[in-house]
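Trainee: Let me begin by handing over the structure; questions about it come next.
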Amino acid sequence: KYEWIAALQLATGNPIYDWMAHQGDSDEREATLERIGKCPLATAGVLKKRGNDVCADCDADLPTWAVVSEDTGVLVCIECIGVHRQLWAGRCKEVQLDSWDDDAVNTVRVRGNEVVNAELEFLVGFDTPKPLPTSSRAVREDYIRAKYDAKKFTKAATGAIAPRKPQRDVGARTAERSVSVSYPPKYIGVLFLVIQRALPAKKGKLPCPPDGLLLVANGSQHVVSKKGQAVTDDELGTGVQWNEALQIGISNINTPVTVSVVESADTPQSASATFCVVAGQHDPGEEPKPIRVLGEDKNRAPCALQLLLSFQGLT
């Protein structure tokens with residue numbers, strides 16, 4: 001049956017997958033709707049605007065993140081925002097957790113998924129297909145770079161006379177066998193981390209790849225840093241430095257957030273060092289405080305992560 005569904009999708013471009021994806025857990029969906037129901041975008045009517053109920057980049061249901069710039073104001077899902085944050089973190093906002101000024105709200109209200117996609121997805125071909133909710137990070141990154149940075153699919157770039165429904169990621173479609181939808185939990189606050197560097201706990205070898213990425217995860221979502229750079233400490237030897245500010249939602253103040261050093265965001269199992277950070281280590285509202293978290297790399301060599309930590313509860 002999956003073969004004829006895939007064949008029909010290829011022939012018609014109809015979003016059969018989207019219909020299947022919307023059959024996720026209704027309780028989780030209702031909880032997410034309740035969580036974001038009073039955010040600035042909801043009160044301004046932006047979330048009810050046609051096209052804003054699905055991710056602008058992969059059509060995943062109920063996006064809770066936004067990408068806001070001078071000419072862009074779209075809503076995207078947890079998976080796609082990971083790519084956007086790595087490319088241009090300053091444009092990314094969570095609809096409830098982040099602060100919104102009137103200009104940012106108005107940008108998403110005036111622009112929105114339907115308007116932006118009409119411009120930036122005028123003609124999407126097979127060479128860089130539009131992702132599906134199950135597409136890999138590599139497919140998402142190629143597409144998002146082409147769409148927003150290179151503006152590869154615009155009318156001007158393609159020379160096309162008429163728009164066409166985007167070609168989709170066939171690999172993700174045909175590989176899909178069962179569809180489940182997971183919605184973000186109800187968050188109680190935001191954990192802010194300025195991750196500085198990782199060093200051996202004692203003088204010794206490099207604890208992780210010198211160009212490794214940081215993957216911060218709370219069990220239902222993750223954010224990814226840019227690549228690190230090798231740094232040398234006179235006392236402890238060679239480590240990795242990021243000096244990058246990241247933030248992630250917290251649903252339970254005592255549930256650990258994992259910070260892993262990985263070679264690729266698509267391969268979290270490649271973690272060469274993993275650390276646990278607990279929001280309860282910091283009193284809400286205090287100034288960020290420096291902490292040192294011990295972890296182990298895959299060779300069981302102890303190493304330490306240095307970061308600034310703060311937690312802000314939702315009001």
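Letters A, B, ... go to the chains of the structure tokens in the order shown; residues in each chain start at 1; ligands are counted from 1 in the same order.
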Please give the complete set of residues from range 6-134 of chain A that DSSP, run on the backbone, assigns to strand (DSSP E), formatted as a list in words.
Mentor: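 In range 6-134 of chain A, DSSP puts these residues in strand (DSSP E): Trp65, Ala66, Val67, Val68, Gly73, Val74, Leu75, Val76, Cys92, Lys93 and Glu94 of chain A.
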Trainee: Write the residues you've just listed into a file as an mmCIF file, in the first residue's frame, and include C-alpha atoms for each of them.
Mentor:
```cif
data_model
loop_
_atom_site.group_PDB
_atom_site.id
_atom_site.type_symbol
_atom_site.label_atom_id
_atom_site.label_comp_id
_atom_site.auth_asym_id
_atom_site.auth_seq_id
_atom_site.Cartn_x
_atom_site.Cartn_y
_atom_site.Cartn_z
ATOM 1 C CA TRP A 65 9.275 28.413 15.885
ATOM 2 C CA ALA A 66 9.632 31.451 13.633
ATOM 3 C CA VAL A 67 12.309 32.814 11.320
ATOM 4 C CA VAL A 68 12.119 36.604 11.250
ATOM 5 C CA GLY A 73 8.544 35.976 8.515
ATOM 6 C CA VAL A 74 7.694 32.280 8.534
ATOM 7 C CA LEU A 75 6.740 29.584 11.026
ATOM 8 C CA VAL A 76 8.803 26.400 11.053
ATOM 9 C CA CYS A 92 15.069 32.512 15.165
ATOM 10 C CA LYS A 93 12.365 32.866 17.816
ATOM 11 C CA GLU A 94 10.161 30.414 19.729
#
```
Trainee: Mind giving me the straight-line distance from CA of Asp61 in chain A to CA of Phe311 in chain A in Å, one decimal?
Mentor: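 CA of Phe311 in chain A lies at a distance of 28.5 Å from CA of Asp61 in chain A.
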Trainee: Skipping near chain neighbours, those fewer than 3 positions away, what residues fall within 7 Å of range 95-106 of chain A using only C-alpha atoms, listed as a PyMOL selection string?
Mentor: chain A and resi 36+39-41+64-66+68+109-110+190
Trainee: Sort by chain and increasing residue number a table of all residues of range 110-149 of chain A within 12 Å of range 77-81 of chain A, each with its closest pair of atoms and their distance in Å to one decimal, counting only C-alpha atoms, and write it as JSON lines.
Mentor:
```
{"residue": "A:Lys130", "atom": "CA", "partner": "A:Cys80", "partner_atom": "CA", "distance": 11.6}
{"residue": "A:Pro131", "atom": "CA", "partner": "A:Cys80", "partner_atom": "CA", "distance": 9.4}
{"residue": "A:Leu132", "atom": "CA", "partner": "A:Cys80", "partner_atom": "CA", "distance": 10.3}
{"residue": "A:Pro133", "atom": "CA", "partner": "A:Glu79", "partner_atom": "CA", "distance": 8.1}
{"residue": "A:Thr134", "atom": "CA", "partner": "A:Glu79", "partner_atom": "CA", "distance": 9.3}
{"residue": "A:Ser135", "atom": "CA", "partner": "A:Glu79", "partner_atom": "CA", "distance": 9.4}
{"residue": "A:Ser136", "atom": "CA", "partner": "A:Glu79", "partner_atom": "CA", "distance": 9.3}
{"residue": "A:Arg137", "atom": "CA", "partner": "A:Glu79", "partner_atom": "CA", "distance": 7.8}
{"residue": "A:Ala138", "atom": "CA", "partner": "A:Cys80", "partner_atom": "CA", "distance": 10.7}
{"residue": "A:Val139", "atom": "CA", "partner": "A:Cys80", "partner_atom": "CA", "distance": 10.3}
{"residue": "A:Arg140", "atom": "CA", "partner": "A:Cys80", "partner_atom": "CA", "distance": 6.7}
{"residue": "A:Glu141", "atom": "CA", "partner": "A:Cys80", "partner_atom": "CA", "distance": 8.2}
{"residue": "A:Asp142", "atom": "CA", "partner": "A:Cys80", "partner_atom": "CA", "distance": 11.3}
{"residue": "A:Tyr143", "atom": "CA", "partner": "A:Cys80", "partner_atom": "CA", "distance": 10.1}
{"residue": "A:Ile144", "atom": "CA", "partner": "A:Cys80", "partner_atom": "CA", "distance": 8.3}
{"residue": "A:Arg145", "atom": "CA", "partner": "A:Cys80", "partner_atom": "CA", "distance": 11.4}
```
Trainee: Okay, now the selection with N, CA and C atoms, as a PDB file, in the first residue's frame?
Mentor:
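Wrote it out as selection_10.pdb, contents follow:
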```
ATOM      1  N   LYS A 130      11.948  19.689  -1.814  1.00  0.00           N
ATOM      2  CA  LYS A 130      11.444  20.210  -0.543  1.00  0.00           C
ATOM      3  C   LYS A 130      11.342  19.065   0.463  1.00  0.00           C
ATOM      4  N   PRO A 131      11.829  19.257   1.690  1.00  0.00           N
ATOM      5  CA  PRO A 131      11.799  18.178   2.684  1.00  0.00           C
ATOM      6  C   PRO A 131      10.382  17.796   3.099  1.00  0.00           C
ATOM      7  N   LEU A 132      10.283  16.596   3.657  1.00  0.00           N
ATOM      8  CA  LEU A 132       9.097  16.129   4.348  1.00  0.00           C
ATOM      9  C   LEU A 132       9.409  16.109   5.850  1.00  0.00           C
ATOM     10  N   PRO A 133       8.415  15.950   6.705  1.00  0.00           N
ATOM     11  CA  PRO A 133       8.700  15.910   8.145  1.00  0.00           C
ATOM     12  C   PRO A 133       9.703  14.835   8.555  1.00  0.00           C
ATOM     13  N   THR A 134       9.844  13.778   7.757  1.00  0.00           N
ATOM     14  CA  THR A 134      10.784  12.707   8.093  1.00  0.00           C
ATOM     15  C   THR A 134      12.119  12.826   7.368  1.00  0.00           C
ATOM     16  N   SER A 135      12.336  13.885   6.620  1.00  0.00           N
ATOM     17  CA  SER A 135      13.583  14.035   5.869  1.00  0.00           C
ATOM     18  C   SER A 135      14.778  14.198   6.803  1.00  0.00           C
ATOM     19  N   SER A 136      15.951  13.837   6.298  1.00  0.00           N
ATOM     20  CA  SER A 136      17.176  13.940   7.088  1.00  0.00           C
ATOM     21  C   SER A 136      17.589  15.397   7.242  1.00  0.00           C
ATOM     22  N   ARG A 137      18.489  15.638   8.178  1.00  0.00           N
ATOM     23  CA  ARG A 137      18.983  16.996   8.374  1.00  0.00           C
ATOM     24  C   ARG A 137      19.745  17.480   7.145  1.00  0.00           C
ATOM     25  N   ALA A 138      20.462  16.569   6.482  1.00  0.00           N
ATOM     26  CA  ALA A 138      21.222  16.962   5.290  1.00  0.00           C
ATOM     27  C   ALA A 138      20.293  17.488   4.197  1.00  0.00           C
ATOM     28  N   VAL A 139      19.158  16.808   3.986  1.00  0.00           N
ATOM     29  CA  VAL A 139      18.180  17.261   2.992  1.00  0.00           C
ATOM     30  C   VAL A 139      17.616  18.623   3.384  1.00  0.00           C
ATOM     31  N   ARG A 140      17.292  18.788   4.668  1.00  0.00           N
ATOM     32  CA  ARG A 140      16.762  20.073   5.140  1.00  0.00           C
ATOM     33  C   ARG A 140      17.774  21.196   4.934  1.00  0.00           C
ATOM     34  N   GLU A 141      19.030  20.934   5.297  1.00  0.00           N
ATOM     35  CA  GLU A 141      20.038  21.991   5.200  1.00  0.00           C
ATOM     36  C   GLU A 141      20.262  22.407   3.752  1.00  0.00           C
ATOM     37  N   ASP A 142      20.360  21.441   2.847  1.00  0.00           N
ATOM     38  CA  ASP A 142      20.532  21.779   1.426  1.00  0.00           C
ATOM     39  C   ASP A 142      19.382  22.651   0.933  1.00  0.00           C
ATOM     40  N   TYR A 143      18.174  22.267   1.330  1.00  0.00           N
ATOM     41  CA  TYR A 143      16.993  22.982   0.859  1.00  0.00           C
ATOM     42  C   TYR A 143      16.897  24.386   1.465  1.00  0.00           C
ATOM     43  N   ILE A 144      17.124  24.484   2.765  1.00  0.00           N
ATOM     44  CA  ILE A 144      16.999  25.770   3.441  1.00  0.00           C
ATOM     45  C   ILE A 144      18.057  26.752   2.957  1.00  0.00           C
ATOM     46  N   ARG A 145      19.276  26.272   2.752  1.00  0.00           N
ATOM     47  CA  ARG A 145      20.310  27.149   2.175  1.00  0.00           C
ATOM     48  C   ARG A 145      19.898  27.647   0.793  1.00  0.00           C
TER      49      ARG A 145
END
```
Trainee: I need the residues of range 85-207 of chain A that end up classed as alpha helix (DSSP H) by DSSP on the backbone, written out as a PyMOL selection string.
Mentor: chain A and resi 85-88+102-110+112-120+137-144+155-158+170-175
Trainee: Which is closer to Ser310 in chain A than all the others in A:Leu193, A:Ala156, A:Val278, A:Leu215, using only C-alpha atoms?
Mentor: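 Nearest candidate to Ser310 in chain A out of A:Leu193, A:Ala156, A:Val278, A:Leu215: A:Leu193.
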Trainee: Show me, as a compact mmCIF listing (two decimals) with C-alpha atoms, in the first residue's frame, the residues that have an atom within 10 Å of range 224-226 of chain A when counting only C-alpha atoms, minus same-chain residues fewer than 2 positions from it.
Mentor:
```txt
# COMPACT_ATOMS: atom_id res chain seq x y z
CA ILE A 81 14.68 25.51 13.11
CA GLY A 82 17.78 23.51 14.03
CA VAL A 83 19.18 24.27 10.57
CA HIS A 84 18.09 27.91 10.67
CA ARG A 85 19.72 28.42 14.08
CA GLN A 86 22.99 27.01 12.82
CA LEU A 87 22.95 29.32 9.78
CA ALA A 89 20.63 32.19 14.96
CA ILE A 195 28.99 27.29 26.14
CA ASP A 211 35.65 21.08 14.83
CA GLY A 212 32.87 19.24 16.68
CA LEU A 213 29.31 20.55 17.00
CA LEU A 214 27.43 20.95 20.26
CA LEU A 215 24.05 19.22 20.37
CA VAL A 216 21.87 20.39 23.28
CA ALA A 217 18.80 18.19 23.86
CA HIS A 222 17.49 19.81 20.25
CA GLY A 228 34.16 24.51 17.34
CA GLN A 229 37.79 25.55 17.11
CA TRP A 242 32.74 27.54 20.93
CA ASN A 243 31.77 30.67 22.92
CA GLU A 244 28.23 30.27 21.60
CA ALA A 245 24.93 31.24 23.21
CA LEU A 246 22.15 28.64 22.97
CA VAL A 259 25.10 18.59 25.94
CA SER A 260 26.94 16.34 23.48
CA VAL A 261 29.90 16.97 21.20
CA VAL A 262 29.13 15.34 17.85
CA SER A 264 27.40 15.77 12.66
CA ALA A 265 23.92 16.79 13.78
```
Trainee: How many Å lie between CA of Phe275 in chain A and CA of Thr258 in chain A, rounded to one decimal?
Mentor: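 Computing it gives 5.7 Å between the two atoms.
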